[in-house]
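Everything below concerns the one structure shown next.
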There are 2 protein chains.
Amino acid sequence: MSTPERLIESTQELLWERGYVGTSPKAIQQRAGAGQGSMYHHFKGKPELALAAIRRSAEQRTALAEEQFSAPGTAVERIADYLRRERDILRGCPIGRLTQDPEVVADPVLRQPVAETFEHLRGRLVAVLTEGQALGELDPTLDVVNTAAMVVAVLQGGYVLARAAGSTEPFQQAAEGAIALLAARQLT
Amino acid sequence: MSTPERLIESTQELLWERGYVGTSPKAIQQRAGAGQGSMYHHFKGKPELALAAIRRSAEQRTALAEEQFSAPGTAVERIADYLRRERDILRGCPIGRLTQDPEVVADPVLRQPVAETFEHLRGRLVAVLTEGQALGELDPTLDVVNTAAMVVAVLQGGYVLARAAGSTEPFQQAAEGAIALLAARQLT
DNA sequence: GTCTATATACTGATAGAC
DNA sequence: GTCTATCAGTATATAGAC
């Protein structure tokens, strides 16, 4: 892989693990196996590298979600599959993590890819739920926008609870709790 | 207020806003109006101050939750009130925020107050839901443990979505989505 | 208890040789 | 493109005077 690519990838990992303020140019260089001069040749500095890394992470997550939701099944099945998907729960969400960095949230350019990732995800869930209603699988009185936001929030909050507990259990409980409530709105 | 108290309070605020790695002794001193020597006289260093601040924040949040759940109403009403409570949503949760700090999560002593705060909160919600079932208000087939975890996750995830969007709207949507699903399990 | 002085390491970058 | 040298500023303290 090229040096700029390795630098971006290392920055993605470090932003995920340690956040913006916890990620130093030196650490990025060491993880990428690149020298000081090399990094500053390809990127103006830490903010430019962070932007490239955040955009890359956002694209990757959106592509992953797109793939997930193209699977077959009823609306509730597809959402349950999404919530139960194999995840490295204790590492947390690489996008959600960024919402705790004041430098990211305060900068419209850095925040935009994060905002778009969640907007896209919620939009995709709205589509799945609306389809379920159109097919007569789901209660048509269900508010699809609120329900979609709830599903994404359960996921992001599940990561928080799991990391607090040092265990994946609360994540799974929250996911199953949401799935059970959704399943109760299926039409038989 | 005494100097140690002001130092703890300043550390609480900075940990909330900027996290462990983003909080420097110098910034703590400035916010507290205390000098270098004064801070190191009262506390061994940053780790000790952080521990005191985290414990304090955990106690305060637990007390707040305790107060909230002692209000009257049906199980669903009390949970809805909790989710709709006046909050400074875009600032995020001072406890949930800490789960993104590797230094906090990796240290059992620093993580413990965070873990206990969420355990207590989920336990309190389990009690409210169980009471609702015992009183015949709520569907007795509802899994109270999973549902309680879901409610806390919606809250924590709602903060994440709101900060990503730069707007409180997704938080409120997620909360209303959860409330509507819960309300559907009430017995008439 | 609080202050100033001092110290080592790291942060984030620039300059210029190769 | 990559390397080494250099730099001002910050992080996180310790020492000792007052």
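Going by the structure tokens order, chains are called A, B, ..., each with residues numbered from 1, while ligands are numbered from 1 in the order shown.
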Hey, could you make a per-residue contact list for chain C against chain B with 8 Å as the cut-off, showing the nearest pair of atoms and its distance in Å to one decimal, counting only C-alpha atoms (C1' of nucleotides), sorted by chain and number, as a tab-separated table?
residue	atom	partner	partner_atom	distance
C:DG1	C1'	B:Ser38	CA	6.6
C:DT2	C1'	B:Ser38	CA	5.6
C:DC3	C1'	B:Gly37	CA	6.8
Find the residues in chain B near chain D: any atom within 12 Å counts, using only C-alpha atoms (C1' of nucleotides). Write them as a PyMOL selection string.
chain B and resi 21-27+36-37+39-41+43-47
Contacts from chain B to chain A, 7 Å maximum, only C-alpha atoms: show me the residue list as a PyMOL selection string.
chain B and resi 18+21-22+96-97+99-100+102+105+111+114-115+146-147+149-150+153-158+160-161+163-165+170+173-178+181
Just give me the gap between CA of Pro94 in chain B and CA of His120 in chain B in Å, one decimal is fine.
15.8 Å
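You will find CA of Ile28 in chain A at 9.4 Å from CA of Gln12 in chain A.
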From a backbone DSSP assignment, name each residue in range 29-168 of chain B labelled alpha helix (DSSP H), as a PyMOL selection string.
chain B and resi 29-32+36-42+46-69+75-84+102-106+108-134+144-165
CA of Gly33 in chain A and CA of Glu9 in chain A are how many Å apart?
11.5 Å
Just want the 8 Å neighbourhood of range 133-141 of chain A, counted on only C-alpha atoms (C1' of nucleotides), with same-chain residues fewer than 6 positions away dropped. Output as a VMD selection string.
chain A and resid 74 to 75 185 to 188
Just to be explicit: take each residue in the selection above, keep N, CA and C atoms, and write the result as an mmCIF file, in the first residue's frame.
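Once written, selection-v3.cif looks like this:
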data_model
loop_
_atom_site.group_PDB
_atom_site.id
_atom_site.type_symbol
_atom_site.label_atom_id
_atom_site.label_comp_id
_atom_site.auth_asym_id
_atom_site.auth_seq_id
_atom_site.Cartn_x
_atom_site.Cartn_y
_atom_site.Cartn_z
ATOM 1 N N THR A 74 -38.199 -9.952 5.972
ATOM 2 C CA THR A 74 -39.195 -8.962 6.354
ATOM 3 C C THR A 74 -38.477 -7.780 7.000
ATOM 4 N N ALA A 75 -39.216 -6.696 7.199
ATOM 5 C CA ALA A 75 -38.628 -5.492 7.804
ATOM 6 C C ALA A 75 -38.044 -5.816 9.177
ATOM 7 N N ARG A 185 -45.117 -5.263 16.922
ATOM 8 C CA ARG A 185 -45.906 -4.434 16.003
ATOM 9 C C ARG A 185 -46.080 -5.076 14.632
ATOM 10 N N GLN A 186 -45.660 -6.329 14.534
ATOM 11 C CA GLN A 186 -45.887 -7.031 13.259
ATOM 12 C C GLN A 186 -47.345 -7.475 13.174
ATOM 13 N N LEU A 187 -47.886 -7.461 11.965
ATOM 14 C CA LEU A 187 -49.255 -7.925 11.756
ATOM 15 C C LEU A 187 -49.181 -9.409 11.421
ATOM 16 N N THR A 188 -50.056 -10.175 12.027
ATOM 17 C CA THR A 188 -49.945 -11.641 11.868
ATOM 18 C C THR A 188 -50.683 -12.122 10.630
#
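Within the 7 Å cut-off around Ile8 in chain B, using only C-alpha atoms (C1' of nucleotides) and omitting residues fewer than 4 positions from it on the same chain, the listed residues are Pro4, Gln12, Leu49, Ala52 and Ala53 of chain B.
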